[in-house]
file run.txt (compact mmCIF, C-alpha atoms and all ligand atoms)
# COMPACT_ATOMS: atom_id res chain seq x y z
CA MET A 1 8.72 -57.18 5.72
CA ASP A 2 8.99 -56.63 9.49
CA ALA A 3 6.78 -54.05 11.16
CA LEU A 4 6.01 -53.12 14.76
CA THR A 5 2.24 -53.29 15.10
CA VAL A 6 -0.23 -52.88 17.94
CA ARG A 7 -3.93 -53.50 18.57
CA PRO A 8 -5.06 -50.03 19.73
CA GLY A 9 -7.02 -50.12 22.96
CA GLU A 10 -5.34 -53.34 24.12
CA ALA A 11 -2.37 -53.10 26.49
CA ASN A 12 0.75 -55.10 25.68
CA SER A 13 -0.49 -56.08 22.23
CA ALA A 14 2.56 -54.72 20.37
CA TRP A 15 4.77 -57.16 18.50
CA ILE A 16 6.79 -57.49 15.33
CA GLU A 17 4.82 -59.03 12.51
CA GLN A 18 5.35 -59.72 8.84
CA ILE A 19 3.31 -57.39 6.69
CA ASP A 20 2.94 -56.97 2.94
CA GLU A 21 4.98 -54.52 0.90
CA PRO A 22 3.20 -51.13 0.87
CA ALA A 23 0.43 -50.95 -1.73
CA ILE A 24 1.13 -48.63 -4.67
CA GLU A 25 -2.17 -46.84 -3.87
CA SER A 26 -0.61 -45.60 -0.61
CA GLY A 27 1.70 -43.27 -2.56
CA SER A 28 4.06 -42.89 -5.47
CA VAL A 29 7.21 -42.51 -3.33
CA LEU A 30 8.76 -45.63 -1.79
CA VAL A 31 10.79 -44.94 1.35
CA GLN A 32 13.09 -47.13 3.41
CA THR A 33 12.68 -46.32 7.09
CA LEU A 34 16.00 -45.70 8.79
CA ALA A 35 14.73 -44.93 12.29
CA VAL A 36 11.67 -43.95 14.28
CA GLY A 37 11.66 -42.00 17.53
CA ILE A 38 9.64 -43.11 20.53
CA CYS A 39 7.61 -40.50 22.41
CA GLY A 40 4.95 -40.41 25.12
CA THR A 41 2.18 -40.91 22.55
CA ASP A 42 3.74 -44.21 21.39
CA LEU A 43 3.97 -45.39 24.99
CA GLU A 44 0.29 -44.53 25.49
CA ILE A 45 -0.64 -46.47 22.36
CA ILE A 46 1.42 -49.47 23.51
CA ALA A 47 -0.32 -49.23 26.91
CA GLY A 48 -3.71 -49.44 25.15
CA GLU A 49 -4.67 -45.90 26.16
CA TYR A 50 -4.67 -44.12 22.78
CA GLY A 51 -4.63 -44.84 19.05
CA TRP A 52 -7.02 -46.11 16.38
CA ALA A 53 -6.52 -48.91 13.84
CA PRO A 54 -7.18 -48.27 10.13
CA PRO A 55 -10.78 -48.91 9.03
CA ASN A 56 -11.68 -52.62 8.84
CA ARG A 57 -8.45 -53.65 10.56
CA ASP A 58 -7.62 -54.32 14.15
CA ARG A 59 -3.86 -53.63 14.09
CA LEU A 60 -1.95 -50.44 13.41
CA VAL A 61 1.71 -50.06 12.37
CA LEU A 62 3.30 -47.85 15.04
CA GLY A 63 5.75 -44.98 14.59
CA HIS A 64 5.15 -41.32 13.73
CA GLU A 65 8.58 -39.71 14.26
CA SER A 66 10.67 -40.91 11.34
CA ILE A 67 13.65 -40.50 9.10
CA GLY A 68 13.88 -42.50 5.90
CA ARG A 69 15.65 -42.75 2.57
CA VAL A 70 13.81 -42.51 -0.76
CA LEU A 71 14.09 -45.72 -2.79
CA GLU A 72 11.85 -44.74 -5.73
CA ALA A 73 10.21 -41.45 -6.65
CA PRO A 74 8.51 -40.19 -9.81
CA ALA A 75 10.42 -37.57 -11.76
CA ASP A 76 7.87 -34.82 -10.99
CA SER A 77 7.82 -35.45 -7.23
CA GLY A 78 10.71 -33.13 -6.34
CA LEU A 79 12.40 -36.14 -4.70
CA SER A 80 15.03 -38.57 -5.95
CA ALA A 81 16.32 -41.93 -4.83
CA GLY A 82 18.76 -41.44 -1.97
CA ASP A 83 17.08 -38.32 -0.53
CA PHE A 84 16.44 -38.31 3.20
CA VAL A 85 12.83 -37.60 4.15
CA ALA A 86 10.62 -37.28 7.22
CA GLY A 87 6.99 -38.32 6.86
CA ILE A 88 4.26 -35.86 7.81
CA VAL A 89 2.08 -37.35 10.54
CA ARG A 90 -1.33 -35.77 10.06
CA HIS A 91 -3.36 -36.03 6.87
CA PRO A 92 -6.37 -33.80 6.17
CA ASP A 93 -9.89 -34.92 6.90
CA PRO A 94 -11.84 -36.11 3.84
CA VAL A 95 -14.65 -33.52 4.10
CA PRO A 96 -12.44 -31.35 4.17
CA CYS A 97 -12.95 -28.70 6.87
CA ALA A 98 -11.93 -25.12 6.06
CA ASN A 99 -8.45 -25.60 7.54
CA CYS A 100 -7.71 -29.02 6.05
CA ALA A 101 -8.82 -27.66 2.66
CA VAL A 102 -5.90 -25.21 2.68
CA GLY A 103 -3.23 -27.54 4.11
CA GLU A 104 -3.65 -26.37 7.74
CA TRP A 105 -4.57 -29.88 8.91
CA ASP A 106 -2.97 -29.24 12.30
CA MET A 107 -5.98 -26.98 12.92
CA CYS A 108 -8.59 -29.54 11.72
CA ARG A 109 -12.03 -28.46 12.88
CA ASN A 110 -14.04 -31.68 12.67
CA GLY A 111 -11.64 -34.22 14.21
CA LEU A 112 -11.83 -36.48 11.14
CA TYR A 113 -8.13 -36.04 10.33
CA THR A 114 -5.94 -39.17 10.32
CA GLU A 115 -2.41 -39.51 11.77
CA ARG A 116 0.25 -41.98 10.69
CA GLY A 117 1.06 -44.44 13.44
CA ILE A 118 -1.57 -42.91 15.71
CA LYS A 119 -5.00 -42.55 14.13
CA GLU A 120 -6.27 -44.77 11.33
CA ILE A 121 -3.21 -44.81 9.04
CA ASP A 122 -0.23 -47.11 9.40
CA GLY A 123 2.92 -45.51 10.74
CA PHE A 124 6.57 -45.71 9.82
CA CYS A 125 7.96 -48.46 12.08
CA ARG A 126 8.25 -50.88 9.15
CA GLU A 127 11.09 -51.58 6.74
CA ARG A 128 9.47 -49.69 3.85
CA TYR A 129 6.47 -47.44 3.36
CA ARG A 130 4.89 -45.43 0.58
CA SER A 131 3.69 -41.84 0.64
CA ASP A 132 2.35 -39.13 -1.57
CA PRO A 133 5.30 -36.67 -2.05
CA HIS A 134 3.13 -33.93 -0.56
CA PHE A 135 3.38 -35.68 2.83
CA LEU A 136 7.17 -36.01 2.79
CA VAL A 137 9.66 -33.34 3.84
CA LYS A 138 13.20 -33.46 2.52
CA ALA A 139 15.85 -33.55 5.23
CA PRO A 140 19.44 -32.37 4.69
CA ALA A 141 21.69 -35.44 4.50
CA SER A 142 23.95 -33.71 7.05
CA LEU A 143 21.26 -34.21 9.71
CA GLY A 144 21.78 -37.97 9.39
CA ILE A 145 19.70 -40.13 11.67
CA GLU A 146 19.01 -37.10 13.86
CA GLY A 147 16.55 -36.13 11.10
CA VAL A 148 14.19 -38.20 13.23
CA LEU A 149 13.90 -35.04 15.36
CA ILE A 150 12.11 -33.22 12.52
CA GLU A 151 8.65 -34.34 13.66
CA PRO A 152 8.95 -33.38 17.35
CA THR A 153 10.63 -30.12 16.28
CA SER A 154 7.72 -29.42 13.88
CA VAL A 155 5.29 -29.61 16.81
CA ILE A 156 7.31 -27.00 18.68
CA ALA A 157 7.85 -24.91 15.51
CA LYS A 158 4.06 -24.63 15.32
CA ALA A 159 3.95 -23.51 18.96
CA TRP A 160 6.52 -20.79 18.20
CA ASP A 161 4.67 -19.80 15.02
CA HIS A 162 1.43 -19.31 16.94
CA ILE A 163 3.13 -17.50 19.83
CA GLU A 164 4.58 -15.02 17.33
CA ARG A 165 1.23 -14.56 15.58
CA ILE A 166 -0.45 -13.85 18.92
CA GLY A 167 2.39 -11.52 19.93
CA ALA A 168 1.76 -9.49 16.77
CA ARG A 169 -1.57 -8.28 18.29
CA SER A 170 0.34 -5.30 19.79
CA VAL A 171 3.87 -3.94 20.10
CA TRP A 172 5.76 -6.94 21.46
CA LYS A 173 9.44 -7.29 22.20
CA PRO A 174 9.76 -10.50 24.21
CA LYS A 175 13.00 -11.06 26.12
CA VAL A 176 12.43 -13.99 28.46
CA VAL A 177 10.97 -17.43 27.78
CA LEU A 178 10.27 -20.11 30.35
CA ILE A 179 10.01 -23.73 29.24
CA THR A 180 8.60 -26.26 31.70
CA GLY A 181 9.74 -29.85 31.17
CA ALA A 182 13.17 -30.75 29.82
CA GLY A 183 12.17 -33.80 27.78
CA PRO A 184 12.89 -33.76 24.02
CA ILE A 185 10.02 -31.34 23.31
CA GLY A 186 11.10 -28.90 26.05
CA LEU A 187 14.74 -29.08 24.95
CA LEU A 188 13.83 -28.44 21.30
CA ALA A 189 11.62 -25.53 22.41
CA ALA A 190 14.59 -24.14 24.34
CA MET A 191 16.83 -24.57 21.28
CA MET A 192 14.38 -22.56 19.17
CA GLY A 193 14.15 -19.92 21.90
CA ARG A 194 17.93 -19.48 21.85
CA GLN A 195 17.86 -19.29 18.05
CA ARG A 196 15.54 -16.28 18.59
CA GLU A 197 18.18 -14.81 20.93
CA LEU A 198 15.84 -14.91 23.90
CA GLU A 199 16.85 -15.41 27.53
CA VAL A 200 15.74 -19.01 28.03
CA HIS A 201 14.93 -20.65 31.36
CA VAL A 202 14.07 -24.35 31.56
CA LEU A 203 12.47 -25.90 34.63
CA ASP A 204 12.38 -29.64 35.25
CA ILE A 205 12.14 -31.72 38.39
CA VAL A 206 15.39 -33.67 37.86
CA THR A 207 18.69 -32.38 39.20
CA ASP A 208 21.06 -34.85 37.54
CA GLY A 209 21.37 -36.83 34.31
CA PRO A 210 21.87 -35.20 30.90
CA LYS A 211 19.17 -32.48 31.02
CA PRO A 212 20.94 -29.73 33.02
CA GLY A 213 24.01 -29.96 30.77
CA LEU A 214 21.96 -29.96 27.57
CA VAL A 215 20.21 -26.79 28.73
CA ALA A 216 23.46 -25.10 29.82
CA ASP A 217 25.12 -25.92 26.49
CA LEU A 218 22.38 -23.99 24.69
CA GLY A 219 23.30 -20.91 26.71
CA ALA A 220 20.06 -21.30 28.68
CA GLN A 221 19.49 -21.58 32.43
CA TYR A 222 18.32 -24.74 34.15
CA HIS A 223 16.13 -24.72 37.28
CA SER A 224 14.52 -27.43 39.34
CA THR A 225 12.50 -25.17 41.66
CA GLY A 226 10.95 -21.70 41.69
CA ILE A 227 8.14 -21.93 39.16
CA LYS A 228 6.17 -18.88 40.37
CA GLU A 229 9.22 -16.62 40.46
CA LEU A 230 10.34 -17.79 36.99
CA ALA A 231 6.84 -17.40 35.49
CA SER A 232 6.56 -13.89 36.98
CA LYS A 233 9.42 -12.75 34.71
CA ALA A 234 8.46 -14.62 31.52
CA ASP A 235 7.07 -12.92 28.41
CA ILE A 236 6.47 -16.39 26.92
CA VAL A 237 5.89 -19.73 28.61
CA ILE A 238 5.92 -23.04 26.74
CA GLU A 239 4.49 -25.65 29.07
CA CYS A 240 5.56 -29.16 28.07
CA THR A 241 4.63 -31.29 31.11
CA GLY A 242 0.82 -31.25 31.18
CA ILE A 243 0.93 -31.15 35.02
CA GLY A 244 -2.24 -29.39 36.22
CA GLN A 245 -0.76 -27.70 39.30
CA LEU A 246 2.18 -26.39 37.28
CA VAL A 247 -0.18 -24.97 34.64
CA PHE A 248 -2.19 -23.18 37.34
CA ASP A 249 0.95 -21.80 39.03
CA ILE A 250 2.18 -20.47 35.68
CA LEU A 251 -1.10 -18.84 34.69
CA SER A 252 -1.48 -17.16 38.08
CA SER A 253 2.10 -15.81 38.07
CA THR A 254 2.86 -14.51 34.56
CA PRO A 255 3.23 -10.75 34.04
CA ALA A 256 0.86 -8.55 31.99
CA GLY A 257 0.63 -9.49 28.32
CA ALA A 258 2.29 -12.86 28.76
CA ILE A 259 1.63 -15.62 26.23
CA THR A 260 1.44 -19.18 27.56
CA CYS A 261 1.41 -22.09 25.14
CA LEU A 262 0.22 -25.43 26.53
CA ALA A 263 2.04 -28.15 24.59
CA GLY A 264 2.04 -31.00 27.14
CA ILE A 265 -0.76 -33.57 27.13
CA SER A 266 -2.00 -34.27 30.67
CA SER A 267 -2.66 -37.79 31.82
CA GLY A 268 -5.76 -36.50 33.63
CA GLY A 269 -7.37 -38.03 36.70
CA ARG A 270 -5.84 -35.62 39.20
CA THR A 271 -7.98 -32.95 40.83
CA ILE A 272 -6.53 -29.66 42.00
CA SER A 273 -8.51 -27.03 43.84
CA ALA A 274 -7.91 -23.56 42.48
CA ASP A 275 -9.47 -20.08 42.50
CA PHE A 276 -10.41 -19.64 38.85
CA GLY A 277 -12.26 -16.37 39.59
CA THR A 278 -9.08 -14.63 40.73
CA LEU A 279 -7.17 -16.20 37.87
CA ASN A 280 -9.77 -14.96 35.38
CA LYS A 281 -9.64 -11.45 36.81
CA SER A 282 -5.87 -11.17 36.50
CA MET A 283 -5.86 -12.69 33.01
CA VAL A 284 -8.48 -10.20 31.80
CA LEU A 285 -6.89 -7.18 33.44
CA GLU A 286 -3.46 -8.13 32.06
CA ASN A 287 -4.45 -9.20 28.52
CA ASP A 288 -2.83 -12.56 29.19
CA VAL A 289 -3.17 -15.33 26.58
CA VAL A 290 -3.15 -19.07 27.13
CA PHE A 291 -3.61 -21.46 24.23
CA GLY A 292 -3.18 -25.13 23.39
CA SER A 293 -1.06 -26.34 20.49
CA VAL A 294 -0.80 -29.77 18.86
CA ASN A 295 0.59 -31.25 15.66
CA ALA A 296 2.08 -29.34 12.70
CA ASN A 297 1.48 -28.62 9.05
CA ARG A 298 3.98 -28.67 6.20
CA ARG A 299 5.14 -25.09 6.87
CA HIS A 300 6.09 -26.11 10.42
CA TYR A 301 8.03 -29.15 9.19
CA GLU A 302 10.02 -26.80 6.96
CA MET A 303 10.64 -24.46 9.92
CA ALA A 304 11.79 -27.53 11.86
CA VAL A 305 14.25 -28.56 9.14
CA ASN A 306 15.73 -25.03 9.18
CA ALA A 307 15.98 -24.95 12.96
CA LEU A 308 17.70 -28.35 13.11
CA ALA A 309 20.06 -27.44 10.25
CA GLN A 310 21.20 -24.38 12.26
CA ALA A 311 21.63 -26.36 15.49
CA ASP A 312 24.87 -27.86 16.79
CA HIS A 313 24.76 -31.41 15.43
CA ALA A 314 26.64 -32.83 18.42
CA TRP A 315 23.94 -31.35 20.70
CA LEU A 316 21.21 -33.05 18.61
CA GLN A 317 23.07 -36.35 18.95
CA ARG A 318 22.87 -35.94 22.72
CA ILE A 319 19.05 -35.61 22.42
CA ALA A 320 18.54 -38.69 20.22
CA ASN A 321 20.88 -40.52 22.56
CA ARG A 322 19.83 -44.18 22.53
CA ARG A 323 19.28 -46.52 19.58
CA VAL A 324 17.86 -50.01 19.67
CA PRO A 325 17.43 -52.39 16.72
CA LEU A 326 13.85 -53.25 15.67
CA GLN A 327 14.03 -56.77 17.12
CA GLN A 328 14.72 -55.21 20.53
CA TRP A 329 11.95 -52.60 20.24
CA HIS A 330 10.77 -53.44 23.74
CA ASP A 331 13.94 -51.87 25.18
CA ALA A 332 12.87 -48.58 23.64
CA THR A 333 9.73 -48.46 25.78
CA THR A 334 11.54 -48.23 29.11
CA ARG A 335 13.32 -45.01 29.99
CA GLY A 336 16.69 -45.16 31.68
CA PRO A 337 17.99 -42.26 33.82
CA ASN A 338 20.28 -41.08 31.02
CA ASP A 339 17.85 -41.45 28.12
CA VAL A 340 16.53 -38.35 26.41
CA LYS A 341 15.01 -39.77 23.22
CA THR A 342 15.24 -43.40 22.18
CA LEU A 343 15.19 -44.42 18.51
CA ILE A 344 14.30 -47.74 16.97
CA GLN A 345 16.81 -48.17 14.17
CA LEU A 346 15.58 -50.19 11.20
CA ALA A 347 18.50 -49.78 8.76
CA ASP A 348 22.02 -48.38 8.58
CA LEU A 349 22.54 -44.97 7.06
C1 LIG B 1 2.34 -36.14 17.75
C2 LIG B 1 1.41 -35.20 17.01
C3 LIG B 1 -0.02 -35.67 17.19
C4 LIG B 1 -0.34 -35.81 18.66
C5 LIG B 1 -1.77 -36.25 18.94
C6 LIG B 1 1.91 -36.30 19.18
O1 LIG B 1 2.74 -37.23 19.82
O2 LIG B 1 3.66 -35.66 17.71
O3 LIG B 1 1.79 -35.17 15.65
O4 LIG B 1 -0.89 -34.74 16.59
O5 LIG B 1 0.56 -36.73 19.24
O6 LIG B 1 -2.14 -37.46 18.33
call {"tool": "encode", "arguments": {"input": "run.txt", "output": "structure tokens"}}
result
Amino acid sequence: MDALTVRPGEANSAWIEQIDEPAIESGSVLVQTLAVGICGTDLEIIAGEYGWAPPNRDRLVLGHESIGRVLEAPADSGLSAGDFVAGIVRHPDPVPCANCAVGEWDMCRNGLYTERGIKEIDGFCRERYRSDPHFLVKAPASLGIEGVLIEPTSVIAKAWDHIERIGARSVWKPKVVLITGAGPIGLLAAMMGRQRELEVHVLDIVTDGPKPGLVADLGAQYHSTGIKELASKADIVIECTGIGQLVFDILSSTPAGAITCLAGISSGGRTISADFGTLNKSMVLENDVVFGSVNANRRHYEMAVNALAQADHAWLQRIANRRVPLQQWHDATTRGPNDVKTLIQLADL
């Protein structure tokens, strides 16, 4: 079957190759991949800057955001042929650490976890794959191909879950959330903020293209300037850009008791000069919290399915707004001015 594979660590080594049918040992459920989404992590892997091949192999099947259709499933799996499923990306470390032992692999303590399409296990950008049912999440058929948004939404569902757990440290009635970055992750974070009936502000550098309209249609407010002023009024900030200066401006502007979640991965290599002593003083005196958040466990995937099922489907279609067939996968790696998220489509619904 066709698969998009890459040699991690080597730029421009991605191509379509013929691989074997998935081995039965890789799971009792056989799934036909319908589509995979492309995100910044995939682009980094394709550029040779991230990713790990499975042990004793030099190539990795790409793709971690997926929607597929069950072809075969054992009777006791809770799944049946025809069900739509999203594959869970991270698998627990083999030790396992205290968190992986209880299914909280997103909080793995020893770094020995594996991730499909990213770290040591083949991903989903192949015609068929197998999985243990425990690592599959059922998607409502009504979500259609937009079920591919389950994985990115799970990452942001975890961010919201942890924000709310931190908020529970005292009486907390948040009203205003600021999201920085209006890419798919920022937009999905804004969607979940509106589902919580919060006043949502989204800041992004662009002033045209689809982002301002997508934000407005959520009932949220779009901004392209004014970070310090916006942060000064935010009870919650979800930072999705990873831009160092923006992070510093947010942390030095938020009001007392604010919770800032860092969800954007920086490219690094840029130095900013900043007064961390003054920042520390204000964060201590104001009980401010800043924390990083990555990945998601099964609970977060289920939260994501619920959030997407409540969303306006036409709005989700405007997020997953470009599809390319597998043979033209290369087109999915370049972003056009109107692209929000690009999907590689492997089969018709
Ligand atoms: C994925 C996460 C993963 C992270 C780091 C992200 O793109 O969505 O599931 O944990 O990359 O590898």
call {"tool": "axis_aligned_box", "arguments": {"input": "run.txt", "around": "ligand LIG 1 (chain B)", "padding_each_side": "8 Å", "output": "JSON"}}
result
{"center_x": 0.8, "center_y": -36.1, "center_z": 17.7, "size_x": 21.8, "size_y": 18.7, "size_z": 20.2}
call {"tool": "atom_distance", "arguments": {"input": "run.txt", "atom1": "CA of Ser77 in chain A", "atom2": "CA of Cys100 in chain A"}}
result
21.4 Å
call {"tool": "closest_residue", "arguments": {"input": "run.txt", "among": "A:Gly336, A:Pro96, A:Gly48, A:Gly117", "to": "ligand LIG 1 (chain B)", "atoms": "only C-alpha atoms and all ligand atoms"}}
result
A:Gly117
call {"tool": "residues_around", "arguments": {"input": "run.txt", "residues": "range 235-248 of chain A", "least_positions_apart": "4", "cutoff": "7 Å", "atoms": "all atoms listed in the file", "output": "PDB file with C-alpha atoms, in the coordinates of the input"}}
result
ATOM      1  CA  PRO A 174       9.760 -10.500  24.210  1.00  0.00           C
ATOM      2  CA  LYS A 175      13.000 -11.060  26.120  1.00  0.00           C
ATOM      3  CA  VAL A 176      12.430 -13.990  28.460  1.00  0.00           C
ATOM      4  CA  VAL A 177      10.970 -17.430  27.780  1.00  0.00           C
ATOM      5  CA  LEU A 178      10.270 -20.110  30.350  1.00  0.00           C
ATOM      6  CA  ILE A 179      10.010 -23.730  29.240  1.00  0.00           C
ATOM      7  CA  THR A 180       8.600 -26.260  31.700  1.00  0.00           C
ATOM      8  CA  GLY A 181       9.740 -29.850  31.170  1.00  0.00           C
ATOM      9  CA  ILE A 185      10.020 -31.340  23.310  1.00  0.00           C
ATOM     10  CA  GLY A 186      11.100 -28.900  26.050  1.00  0.00           C
ATOM     11  CA  SER A 252      -1.480 -17.160  38.080  1.00  0.00           C
ATOM     12  CA  ALA A 258       2.290 -12.860  28.760  1.00  0.00           C
ATOM     13  CA  ILE A 259       1.630 -15.620  26.230  1.00  0.00           C
ATOM     14  CA  THR A 260       1.440 -19.180  27.560  1.00  0.00           C
ATOM     15  CA  CYS A 261       1.410 -22.090  25.140  1.00  0.00           C
ATOM     16  CA  LEU A 262       0.220 -25.430  26.530  1.00  0.00           C
ATOM     17  CA  ALA A 263       2.040 -28.150  24.590  1.00  0.00           C
ATOM     18  CA  GLY A 264       2.040 -31.000  27.140  1.00  0.00           C
ATOM     19  CA  ILE A 265      -0.760 -33.570  27.130  1.00  0.00           C
ATOM     20  CA  SER A 266      -2.000 -34.270  30.670  1.00  0.00           C
ATOM     21  CA  ILE A 272      -6.530 -29.660  42.000  1.00  0.00           C
TER      22      ILE A 272
END
call {"tool": "residues_near_ligand", "arguments": {"input": "run.txt", "ligand": "ligand LIG 1 (chain B)", "cutoff": "7 Å", "atoms": "all atoms listed in the file", "output": "PyMOL selection string"}}
result
chain A and resi 39-41+89-90+115+118+151-152+155+294-296
call {"tool": "atom_distance", "arguments": {"input": "run.txt", "atom1": "CA of Arg130 in chain A", "atom2": "CA of Asp348 in chain A"}}
result
19.1 Å
call {"tool": "atom_distance", "arguments": {"input": "run.txt", "atom1": "CA of Ser293 in chain A", "atom2": "CA of Gly167 in chain A"}}
result
15.2 Å
call {"tool": "residues_near_point", "arguments": {"input": "run.txt", "point": "(18.1, -24.8, 24.4)", "cutoff": "6 Å", "atoms": "only C-alpha atoms", "output": "VMD selection string"}}
result
chain A and resid 187 190 to 191 194 215 218 220
call {"tool": "write_last_selection", "arguments": {"input": "run.txt", "atoms": "C-alpha atoms", "output": "PDB file, in the frame of the given file"}}
result
ATOM      1  CA  LEU A 187      14.740 -29.080  24.950  1.00  0.00           C
ATOM      2  CA  ALA A 190      14.590 -24.140  24.340  1.00  0.00           C
ATOM      3  CA  MET A 191      16.830 -24.570  21.280  1.00  0.00           C
ATOM      4  CA  ARG A 194      17.930 -19.480  21.850  1.00  0.00           C
ATOM      5  CA  VAL A 215      20.210 -26.790  28.730  1.00  0.00           C
ATOM      6  CA  LEU A 218      22.380 -23.990  24.690  1.00  0.00           C
ATOM      7  CA  ALA A 220      20.060 -21.300  28.680  1.00  0.00           C
TER       8      ALA A 220
END
call {"tool": "closest_residue", "arguments": {"input": "run.txt", "among": "A:Ala304, A:Val340, A:Leu214, A:Val31", "to": "Asp161 in chain A", "atoms": "only C-alpha atoms"}}
result
A:Ala304
call {"tool": "residues_near_point", "arguments": {"input": "run.txt", "point": "(22.7, -35.8, 16.2)", "cutoff": "6 Å", "atoms": "only C-alpha atoms", "output": "list in words"}}
result
Glu146, His313, Ala314, Leu316 and Gln317 of chain A
call {"tool": "build_atoms", "arguments": {"input": "run.txt", "residues": "range 176-182 of chain A", "atoms": "all heavy atoms", "output": "PDB file, keeping the file's coordinate frame"}}
result
ATOM      1  N   VAL A 176      12.211 -12.817  27.606  1.00  0.00           N
ATOM      2  CA  VAL A 176      12.430 -13.990  28.460  1.00  0.00           C
ATOM      3  C   VAL A 176      11.400 -15.073  28.149  1.00  0.00           C
ATOM      4  O   VAL A 176      10.201 -14.801  28.084  1.00  0.00           O
ATOM      5  CB  VAL A 176      12.302 -13.577  29.958  1.00  0.00           C
ATOM      6  CG1 VAL A 176      12.485 -14.796  30.865  1.00  0.00           C
ATOM      7  CG2 VAL A 176      13.310 -12.490  30.305  1.00  0.00           C
ATOM      8  N   VAL A 177      11.880 -16.298  27.967  1.00  0.00           N
ATOM      9  CA  VAL A 177      10.970 -17.430  27.780  1.00  0.00           C
ATOM     10  C   VAL A 177      11.251 -18.479  28.846  1.00  0.00           C
ATOM     11  O   VAL A 177      12.401 -18.739  29.186  1.00  0.00           O
ATOM     12  CB  VAL A 177      11.063 -18.027  26.343  1.00  0.00           C
ATOM     13  CG1 VAL A 177      12.458 -18.440  25.959  1.00  0.00           C
ATOM     14  CG2 VAL A 177      10.131 -19.225  26.184  1.00  0.00           C
ATOM     15  N   LEU A 178      10.173 -19.013  29.381  1.00  0.00           N
ATOM     16  CA  LEU A 178      10.270 -20.110  30.350  1.00  0.00           C
ATOM     17  C   LEU A 178       9.689 -21.368  29.697  1.00  0.00           C
ATOM     18  O   LEU A 178       8.588 -21.338  29.138  1.00  0.00           O
ATOM     19  CB  LEU A 178       9.446 -19.765  31.605  1.00  0.00           C
ATOM     20  CG  LEU A 178       9.215 -20.924  32.584  1.00  0.00           C
ATOM     21  CD1 LEU A 178      10.532 -21.417  33.189  1.00  0.00           C
ATOM     22  CD2 LEU A 178       8.255 -20.490  33.703  1.00  0.00           C
ATOM     23  N   ILE A 179      10.468 -22.438  29.753  1.00  0.00           N
ATOM     24  CA  ILE A 179      10.010 -23.730  29.240  1.00  0.00           C
ATOM     25  C   ILE A 179       9.862 -24.652  30.443  1.00  0.00           C
ATOM     26  O   ILE A 179      10.822 -24.785  31.225  1.00  0.00           O
ATOM     27  CB  ILE A 179      11.072 -24.370  28.295  1.00  0.00           C
ATOM     28  CG1 ILE A 179      11.705 -23.369  27.335  1.00  0.00           C
ATOM     29  CG2 ILE A 179      10.524 -25.620  27.607  1.00  0.00           C
ATOM     30  CD1 ILE A 179      11.023 -23.037  26.107  1.00  0.00           C
ATOM     31  N   THR A 180       8.729 -25.297  30.601  1.00  0.00           N
ATOM     32  CA  THR A 180       8.600 -26.260  31.700  1.00  0.00           C
ATOM     33  C   THR A 180       8.621 -27.669  31.124  1.00  0.00           C
ATOM     34  O   THR A 180       7.858 -27.990  30.227  1.00  0.00           O
ATOM     35  CB  THR A 180       7.333 -25.997  32.536  1.00  0.00           C
ATOM     36  OG1 THR A 180       6.220 -25.834  31.669  1.00  0.00           O
ATOM     37  CG2 THR A 180       7.494 -24.746  33.370  1.00  0.00           C
ATOM     38  N   GLY A 181       9.532 -28.480  31.663  1.00  0.00           N
ATOM     39  CA  GLY A 181       9.740 -29.850  31.170  1.00  0.00           C
ATOM     40  C   GLY A 181      10.950 -29.877  30.256  1.00  0.00           C
ATOM     41  O   GLY A 181      10.972 -29.186  29.244  1.00  0.00           O
ATOM     42  N   ALA A 182      11.946 -30.676  30.634  1.00  0.00           N
ATOM     43  CA  ALA A 182      13.170 -30.750  29.820  1.00  0.00           C
ATOM     44  C   ALA A 182      13.288 -32.107  29.117  1.00  0.00           C
ATOM     45  O   ALA A 182      14.379 -32.663  28.973  1.00  0.00           O
ATOM     46  CB  ALA A 182      14.406 -30.463  30.668  1.00  0.00           C
TER      47      ALA A 182
END
